[in-house]
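Pasting protein04.cif here (mmCIF, C-alpha atoms):
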```cif
data_upload
loop_
_atom_site.group_PDB
_atom_site.id
_atom_site.type_symbol
_atom_site.label_atom_id
_atom_site.label_comp_id
_atom_site.auth_asym_id
_atom_site.auth_seq_id
_atom_site.Cartn_x
_atom_site.Cartn_y
_atom_site.Cartn_z
ATOM 1 C CA MET F 814 19.928 -3.722 7.867
ATOM 2 C CA LEU F 815 16.139 -3.794 7.601
ATOM 3 C CA ILE F 816 14.003 -6.153 9.690
ATOM 4 C CA ALA F 817 10.254 -5.712 9.317
ATOM 5 C CA GLY F 818 8.014 -7.950 11.385
ATOM 6 C CA PHE F 819 4.308 -8.313 12.079
ATOM 7 C CA PRO F 820 2.089 -10.714 14.078
ATOM 8 C CA ALA F 821 -0.246 -12.816 11.932
ATOM 9 C CA GLY F 822 -3.204 -15.111 12.333
ATOM 10 C CA ALA F 823 -5.040 -16.633 15.236
ATOM 11 C CA TRP F 824 -1.867 -17.123 17.299
ATOM 12 C CA GLY F 825 -0.202 -13.784 16.573
ATOM 13 C CA THR F 826 2.818 -15.529 15.074
ATOM 14 C CA ASN F 827 5.642 -13.162 14.209
ATOM 15 C CA CYS F 828 6.595 -13.142 10.534
ATOM 16 C CA TYR F 829 9.837 -11.334 9.664
ATOM 17 C CA LEU F 830 11.210 -9.925 6.422
ATOM 18 C CA VAL F 831 14.967 -9.363 6.552
ATOM 19 C CA ALA F 832 17.037 -7.391 4.036
ATOM 20 C CA PRO F 833 20.306 -5.449 3.888
ATOM 21 C CA ALA F 834 18.227 -2.307 3.276
ATOM 22 C CA ALA F 835 14.967 -1.079 1.762
ATOM 23 C CA GLY F 836 14.701 -1.660 -1.976
ATOM 24 C CA GLU F 837 16.828 -4.822 -1.905
ATOM 25 C CA GLU F 838 16.374 -8.595 -1.807
ATOM 26 C CA CYS F 839 14.948 -10.116 1.365
ATOM 27 C CA VAL F 840 14.363 -13.359 3.234
ATOM 28 C CA ILE F 841 10.965 -14.162 4.742
ATOM 29 C CA ILE F 842 10.939 -15.990 8.078
ATOM 30 C CA ASP F 843 7.866 -17.975 9.191
ATOM 31 C CA PRO F 844 4.956 -16.843 7.003
ATOM 32 C CA GLY F 845 2.271 -18.511 9.094
ATOM 33 C CA HIS F 846 -1.505 -18.472 9.406
ATOM 34 C CA GLN F 847 -3.032 -15.557 7.457
ATOM 35 C CA ALA F 848 0.395 -14.009 6.846
ATOM 36 C CA ALA F 849 0.279 -13.731 3.039
ATOM 37 C CA GLN F 850 -1.413 -10.325 2.910
ATOM 38 C CA GLY F 851 0.952 -8.889 5.515
ATOM 39 C CA VAL F 852 3.914 -10.213 3.550
ATOM 40 C CA GLU F 853 2.712 -8.516 0.365
ATOM 41 C CA GLU F 854 2.051 -5.237 2.160
ATOM 42 C CA THR F 855 5.490 -5.279 3.781
ATOM 43 C CA LEU F 856 7.211 -6.106 0.495
ATOM 44 C CA ALA F 857 5.474 -3.180 -1.195
ATOM 45 C CA LYS F 858 6.112 -0.763 1.676
ATOM 46 C CA HIS F 859 9.860 -1.399 1.688
ATOM 47 C CA ARG F 860 10.241 -2.215 -2.051
ATOM 48 C CA LEU F 861 11.658 -5.652 -1.280
ATOM 49 C CA LYS F 862 12.182 -8.674 -3.519
ATOM 50 C CA PRO F 863 11.996 -12.039 -1.727
ATOM 51 C CA VAL F 864 14.558 -14.696 -2.602
ATOM 52 C CA ALA F 865 13.706 -17.374 -0.009
ATOM 53 C CA VAL F 866 11.443 -18.427 2.848
ATOM 54 C CA VAL F 867 13.059 -19.998 5.920
ATOM 55 C CA LEU F 868 11.116 -21.791 8.650
ATOM 56 C CA THR F 869 11.989 -22.177 12.318
ATOM 57 C CA HIS F 870 9.728 -25.242 12.603
ATOM 58 C CA GLY F 871 6.748 -26.949 11.013
ATOM 59 C CA HIS F 872 3.773 -25.951 13.176
ATOM 60 C CA LEU F 873 0.843 -24.583 11.213
ATOM 61 C CA ASP F 874 0.956 -21.168 12.840
ATOM 62 C CA HIS F 875 4.448 -20.721 11.334
ATOM 63 C CA VAL F 876 4.039 -22.347 7.912
ATOM 64 C CA ALA F 877 0.418 -21.962 6.775
ATOM 65 C CA SER F 878 1.254 -19.313 4.152
ATOM 66 C CA VAL F 879 4.411 -20.957 2.791
ATOM 67 C CA VAL F 880 2.801 -22.396 -0.353
ATOM 68 C CA PRO F 881 1.036 -19.187 -1.490
ATOM 69 C CA VAL F 882 4.004 -16.949 -0.640
ATOM 70 C CA CYS F 883 6.556 -19.178 -2.384
ATOM 71 C CA GLY F 884 4.230 -19.652 -5.339
ATOM 72 C CA ALA F 885 3.538 -15.944 -5.778
ATOM 73 C CA HIS F 886 7.258 -15.108 -5.914
ATOM 74 C CA ASP F 887 8.745 -18.358 -7.268
ATOM 75 C CA VAL F 888 11.161 -18.763 -4.344
ATOM 76 C CA PRO F 889 12.320 -21.834 -2.389
ATOM 77 C CA ALA F 890 11.545 -22.632 1.227
ATOM 78 C CA TRP F 891 13.887 -24.191 3.798
ATOM 79 C CA ILE F 892 12.846 -26.455 6.693
ATOM 80 C CA HIS F 893 14.513 -29.062 8.901
ATOM 81 C CA PRO F 894 13.769 -32.593 7.628
ATOM 82 C CA ALA F 895 12.337 -33.700 10.990
ATOM 83 C CA ASP F 896 9.467 -31.209 10.586
ATOM 84 C CA ARG F 897 8.936 -31.560 6.854
ATOM 85 C CA TYR F 898 5.944 -33.897 7.244
ATOM 86 C CA MET F 899 3.951 -31.140 8.962
ATOM 87 C CA LEU F 900 3.680 -29.167 5.737
ATOM 88 C CA SER F 901 1.494 -31.842 4.159
ATOM 89 C CA ASP F 902 -0.218 -33.142 7.306
ATOM 90 C CA PRO F 903 -0.390 -30.362 9.927
ATOM 91 C CA ALA F 904 -2.860 -32.284 12.104
ATOM 92 C CA LYS F 905 -0.119 -34.758 13.044
ATOM 93 C CA ALA F 906 1.601 -31.956 14.922
ATOM 94 C CA PHE F 907 -1.354 -31.767 17.325
ATOM 95 C CA GLY F 908 -2.163 -35.455 17.669
ATOM 96 C CA ARG F 909 -5.689 -34.474 16.658
ATOM 97 C CA SER F 910 -7.451 -32.298 14.084
ATOM 98 C CA ILE F 911 -9.739 -30.479 16.517
ATOM 99 C CA GLY F 912 -9.740 -26.761 15.788
ATOM 100 C CA LEU F 913 -8.371 -26.909 12.261
ATOM 101 C CA PRO F 914 -11.772 -26.266 10.612
ATOM 102 C CA LEU F 915 -11.997 -23.010 12.559
ATOM 103 C CA LEU F 916 -8.966 -21.630 10.756
ATOM 104 C CA GLY F 917 -10.696 -21.286 7.397
ATOM 105 C CA GLU F 918 -9.422 -22.595 4.093
ATOM 106 C CA LEU F 919 -5.787 -23.665 4.284
ATOM 107 C CA THR F 920 -3.333 -24.496 1.521
ATOM 108 C CA VAL F 921 -1.366 -27.421 2.882
ATOM 109 C CA GLY F 922 1.486 -29.198 1.149
ATOM 110 C CA GLU F 923 5.022 -28.480 0.091
ATOM 111 C CA PRO F 924 6.087 -25.579 -2.119
ATOM 112 C CA ASP F 925 7.543 -26.501 -5.499
ATOM 113 C CA ASP F 926 11.103 -25.949 -4.282
ATOM 114 C CA LEU F 927 11.712 -27.209 -0.746
ATOM 115 C CA LYS F 928 15.206 -27.489 0.723
ATOM 116 C CA GLU F 929 16.318 -29.056 3.995
ATOM 117 C CA LEU F 930 18.215 -27.351 6.797
ATOM 118 C CA THR F 931 21.072 -28.910 8.744
ATOM 119 C CA ASP F 932 22.647 -28.018 12.057
ATOM 120 C CA GLY F 933 25.573 -25.644 11.646
ATOM 121 C CA ALA F 934 24.649 -24.657 8.093
ATOM 122 C CA ARG F 935 25.304 -21.143 6.853
ATOM 123 C CA LEU F 936 22.728 -19.806 4.422
ATOM 124 C CA GLU F 937 23.915 -16.965 2.220
ATOM 125 C CA LEU F 938 20.706 -15.323 1.076
ATOM 126 C CA ALA F 939 19.881 -11.759 -0.013
ATOM 127 C CA GLY F 940 23.407 -10.617 0.832
ATOM 128 C CA LEU F 941 23.053 -11.882 4.415
ATOM 129 C CA GLU F 942 24.517 -14.891 6.206
ATOM 130 C CA PHE F 943 22.201 -16.863 8.472
ATOM 131 C CA SER F 944 23.744 -19.377 10.865
ATOM 132 C CA VAL F 945 21.445 -22.344 11.470
ATOM 133 C CA ALA F 946 21.284 -24.216 14.787
ATOM 134 C CA HIS F 947 19.140 -27.289 15.290
ATOM 135 C CA ALA F 948 17.287 -26.707 18.566
ATOM 136 C CA PRO F 949 14.762 -29.519 19.218
ATOM 137 C CA GLY F 950 12.396 -29.583 22.156
ATOM 138 C CA HIS F 951 9.393 -27.604 20.930
ATOM 139 C CA THR F 952 9.413 -29.861 17.857
ATOM 140 C CA LYS F 953 11.968 -32.382 16.668
ATOM 141 C CA GLY F 954 12.924 -30.149 13.747
ATOM 142 C CA SER F 955 13.016 -26.753 15.440
ATOM 143 C CA VAL F 956 15.885 -24.515 14.335
ATOM 144 C CA THR F 957 17.100 -20.997 15.034
ATOM 145 C CA PHE F 958 18.678 -18.469 12.691
ATOM 146 C CA ARG F 959 21.356 -15.977 13.711
ATOM 147 C CA LEU F 960 22.784 -12.997 11.866
ATOM 148 C CA PRO F 961 26.305 -11.995 12.950
ATOM 149 C CA GLU F 962 27.210 -8.693 14.514
ATOM 150 C CA ARG F 963 27.960 -6.047 11.872
ATOM 151 C CA ALA F 964 29.704 -2.726 12.553
ATOM 152 C CA ASP F 965 27.514 -1.060 15.199
ATOM 153 C CA ILE F 966 24.622 -3.525 14.704
ATOM 154 C CA PRO F 967 24.403 -6.325 17.307
ATOM 155 C CA SER F 968 23.839 -9.942 16.363
ATOM 156 C CA VAL F 969 20.200 -10.863 15.745
ATOM 157 C CA PHE F 970 18.796 -14.217 16.869
ATOM 158 C CA PHE F 971 15.551 -15.528 15.379
ATOM 159 C CA SER F 972 14.569 -18.001 18.085
ATOM 160 C CA GLY F 973 11.290 -19.350 16.713
ATOM 161 C CA ASP F 974 9.433 -21.031 19.586
ATOM 162 C CA LEU F 975 12.579 -22.024 21.460
ATOM 163 C CA LEU F 976 12.849 -18.819 23.503
ATOM 164 C CA PHE F 977 10.356 -16.031 24.242
ATOM 165 C CA ALA F 978 10.572 -12.907 26.356
ATOM 166 C CA GLY F 979 10.166 -14.392 29.819
ATOM 167 C CA SER F 980 9.332 -17.917 28.728
ATOM 168 C CA ILE F 981 10.075 -20.833 26.399
ATOM 169 C CA GLY F 982 8.119 -22.900 23.897
ATOM 170 C CA ARG F 983 5.537 -25.466 24.921
ATOM 171 C CA THR F 984 6.549 -29.113 24.895
ATOM 172 C CA ASP F 985 3.215 -30.889 25.334
ATOM 173 C CA LEU F 986 2.465 -31.478 21.632
ATOM 174 C CA PRO F 987 3.710 -34.464 19.572
ATOM 175 C CA GLY F 988 7.475 -34.195 19.146
ATOM 176 C CA GLY F 989 7.844 -31.914 22.147
ATOM 177 C CA ASP F 990 10.286 -32.833 24.906
ATOM 178 C CA HIS F 991 10.944 -30.675 27.958
ATOM 179 C CA ALA F 992 14.374 -32.126 28.728
ATOM 180 C CA GLU F 993 15.314 -31.661 25.084
ATOM 181 C CA ILE F 994 14.308 -27.995 24.995
ATOM 182 C CA LEU F 995 16.387 -27.362 28.108
ATOM 183 C CA GLU F 996 19.374 -28.971 26.402
ATOM 184 C CA SER F 997 18.786 -26.772 23.347
ATOM 185 C CA LEU F 998 18.662 -23.676 25.533
ATOM 186 C CA ALA F 999 21.971 -24.645 27.145
ATOM 187 C CA ARG F 1000 23.686 -25.479 23.861
ATOM 188 C CA VAL F 1001 22.266 -22.826 21.526
ATOM 189 C CA VAL F 1002 21.211 -19.864 23.679
ATOM 190 C CA LEU F 1003 23.539 -19.645 26.673
ATOM 191 C CA PRO F 1004 26.742 -19.138 24.610
ATOM 192 C CA LEU F 1005 25.295 -16.076 22.849
ATOM 193 C CA ASP F 1006 26.486 -12.597 23.778
ATOM 194 C CA ASP F 1007 24.242 -10.560 26.076
ATOM 195 C CA SER F 1008 23.882 -7.858 23.413
ATOM 196 C CA THR F 1009 22.255 -10.304 20.967
ATOM 197 C CA VAL F 1010 18.785 -9.154 19.936
ATOM 198 C CA VAL F 1011 16.151 -11.912 20.224
ATOM 199 C CA LEU F 1012 13.252 -11.925 17.767
ATOM 200 C CA SER F 1013 10.999 -14.818 18.685
ATOM 201 C CA GLY F 1014 8.040 -16.559 17.112
ATOM 202 C CA HIS F 1015 5.565 -14.872 19.464
ATOM 203 C CA GLY F 1016 5.629 -11.800 21.633
ATOM 204 C CA PRO F 1017 7.958 -8.809 21.906
ATOM 205 C CA GLN F 1018 11.620 -8.310 21.122
ATOM 206 C CA THR F 1019 14.073 -9.031 23.896
ATOM 207 C CA SER F 1020 17.814 -9.641 24.346
ATOM 208 C CA ILE F 1021 19.962 -12.500 25.539
ATOM 209 C CA GLY F 1022 21.191 -10.394 28.446
ATOM 210 C CA ARG F 1023 17.663 -9.613 29.588
ATOM 211 C CA GLU F 1024 16.592 -13.249 29.320
ATOM 212 C CA ARG F 1025 19.725 -14.485 31.062
ATOM 213 C CA ALA F 1026 18.871 -12.214 33.983
ATOM 214 C CA THR F 1027 15.084 -12.617 34.147
ATOM 215 C CA ASN F 1028 13.841 -15.684 32.249
ATOM 216 C CA PRO F 1029 13.264 -18.388 34.905
ATOM 217 C CA PHE F 1030 13.898 -21.246 32.465
ATOM 218 C CA LEU F 1031 17.135 -19.832 31.112
ATOM 219 C CA ARG F 1032 18.320 -19.010 34.641
ATOM 220 C CA GLN F 1033 17.659 -22.562 35.775
ATOM 221 C CA VAL F 1034 19.514 -23.976 32.790
ATOM 222 C CA ALA F 1035 22.433 -21.641 33.495
ATOM 223 C CA ASP F 1036 22.445 -22.757 37.132
ATOM 224 C CA GLY F 1037 22.532 -26.401 36.036
ATOM 225 C CA LEU F 1038 19.167 -27.307 37.545
ATOM 226 C CA GLY F 1039 18.002 -29.037 34.359
ATOM 227 C CA ASP F 1040 14.937 -31.177 34.984
ATOM 228 C CA GLY F 1041 14.073 -29.154 38.043
ATOM 229 C CA ALA F 1042 12.596 -26.483 35.789
ATOM 230 C CA PRO F 1043 8.803 -26.108 35.971
ATOM 231 C CA ALA F 1044 6.560 -26.800 32.982
ATOM 232 C CA PRO F 1045 6.555 -23.966 30.427
ATOM 233 C CA ALA F 1046 4.034 -21.236 31.178
ATOM 234 C CA PRO F 1047 2.680 -19.061 29.781
ATOM 235 C CA ARG F 1048 2.537 -20.831 26.446
ATOM 236 C CA ARG F 1049 2.309 -19.041 23.132
ATOM 237 C CA GLY F 1050 1.367 -20.413 19.733
ATOM 238 C CA MET F 1051 1.195 -24.112 18.989
#
```

Show me the file's structure as structure tokens.
Amino acid sequence: MLIAGFPAGAWGTNCYLVAPAAGEECVIIDPGHQAAQGVEETLAKHRLKPVAVVLTHGHLDHVASVVPVCGAHDVPAWIHPADRYMLSDPAKAFGRSIGLPLLGELTVGEPDDLKELTDGARLELAGLEFSVAHAPGHTKGSVTFRLPERADIPSVFFSGDLLFAGSIGRTDLPGGDHAEILESLARVVLPLDDSTVVLSGHGPQTSIGRERATNPFLRQVADGLGDGAPAPAPRRGM
């Protein structure tokens, strides 16, 4: 399996291209702010043909390049319905528009072919099967994608802004809810095998085992402390 990722834009949001191997079809995950050029370079480097874009949530730093990327390759995008509105009106995700002019010209709106994700769905794309889990807390429509273990390749978990190496997503923006993100961590993350590779929306690769042992938020959820967890820090992205 081939997974090629790169950080893009002002927030260093990780965009991933996933394929069975070089020279085959691929899925693009979270083409965010200023990600279009990196997507094209990665496609050319690995001789990939995109068949779909899938989005972990609707924040601008994860979706800003969806329209140009989908348009350039005539592919659909997938997003949870609770975050769909952010594609056309990203300022609502911040409760204010301060800072948006600093990002340069943005193409907001929905791609021509937009599909909605549901909890428990299985997306068969590019010869791969992505399991979808609704994981609200960072936003109401946050989801994760998981690829199953294959031969000697461990399961891969695309956590979006639910789980980072050593931290979790912020919950202070509209639609965020700290108690809800803790519930999502307990329901979606804790049951995963320790060997599962975690590729998050920001920051480095990690594993479920490492986070179970060292991430203070995940440890508190595992210990059943719930609302006793401190506010998320450090925060990454939007």

Check: What lies within 10 Å of Phe819 (chain F) using all atoms listed in the file, ignoring chain neighbours under 5 positions off, as a PyMOL selection string?
Finding: chain F and resi 825-830+844+848+851-852+855+1015

Notebook entry, point to check: Rounded to one decimal in Å, what is the spacing between CA of Leu1031 (chain F) and CA of Leu995 (chain F)?
Noted result: 8.1 Å

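Proximity to Gly940 (chain F) was assessed for F:Ala865, F:Ala849, F:Ile842, F:Val1001 counting only C-alpha atoms; the smallest distance is recorded for F:Ala865.
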
Check: Which is closer to Ala890 (chain F) than all the others in F:Lys953, F:Arg935, F:Arg1032, F:His870, using only C-alpha atoms?
Finding: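 When distances to Ala890 (chain F) are compared using only C-alpha atoms, the smallest one comes from F:His870.
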
Item checked: Shell around region 897-906 of chain F at 7 Å using only C-alpha atoms, local window under 2 positions removed, as an MDAnalysis selection string -> chainID F and resid 871:873 892:895 908:910 921:923 986:987

Write out the residues from the selection above, keeping C-alpha atoms, as a PDB file, in the frame of the given file.
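Just written: again_2.pdb:
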```pdb
ATOM      1  CA  GLY F 871       6.748 -26.949  11.013  1.00  0.00           C
ATOM      2  CA  HIS F 872       3.773 -25.951  13.176  1.00  0.00           C
ATOM      3  CA  LEU F 873       0.843 -24.583  11.213  1.00  0.00           C
ATOM      4  CA  ILE F 892      12.846 -26.455   6.693  1.00  0.00           C
ATOM      5  CA  HIS F 893      14.513 -29.062   8.901  1.00  0.00           C
ATOM      6  CA  PRO F 894      13.769 -32.593   7.628  1.00  0.00           C
ATOM      7  CA  ALA F 895      12.337 -33.700  10.990  1.00  0.00           C
ATOM      8  CA  GLY F 908      -2.163 -35.455  17.669  1.00  0.00           C
ATOM      9  CA  ARG F 909      -5.689 -34.474  16.658  1.00  0.00           C
ATOM     10  CA  SER F 910      -7.451 -32.298  14.084  1.00  0.00           C
ATOM     11  CA  VAL F 921      -1.366 -27.421   2.882  1.00  0.00           C
ATOM     12  CA  GLY F 922       1.486 -29.198   1.149  1.00  0.00           C
ATOM     13  CA  GLU F 923       5.022 -28.480   0.091  1.00  0.00           C
ATOM     14  CA  LEU F 986       2.465 -31.478  21.632  1.00  0.00           C
ATOM     15  CA  PRO F 987       3.710 -34.464  19.572  1.00  0.00           C
TER      16      PRO F 987
END
```

Notebook entry, point to check: Neighbours of Pro889 (chain F) within 9 Å (all atoms listed in the file; same-chain residues fewer than 5 positions away dropped), as a list in words?
Noted result: Val864, Ala865, Val866, Val867, Cys883, Gly884, Pro924, Asp925, Asp926, Leu927 and Lys928 of chain F
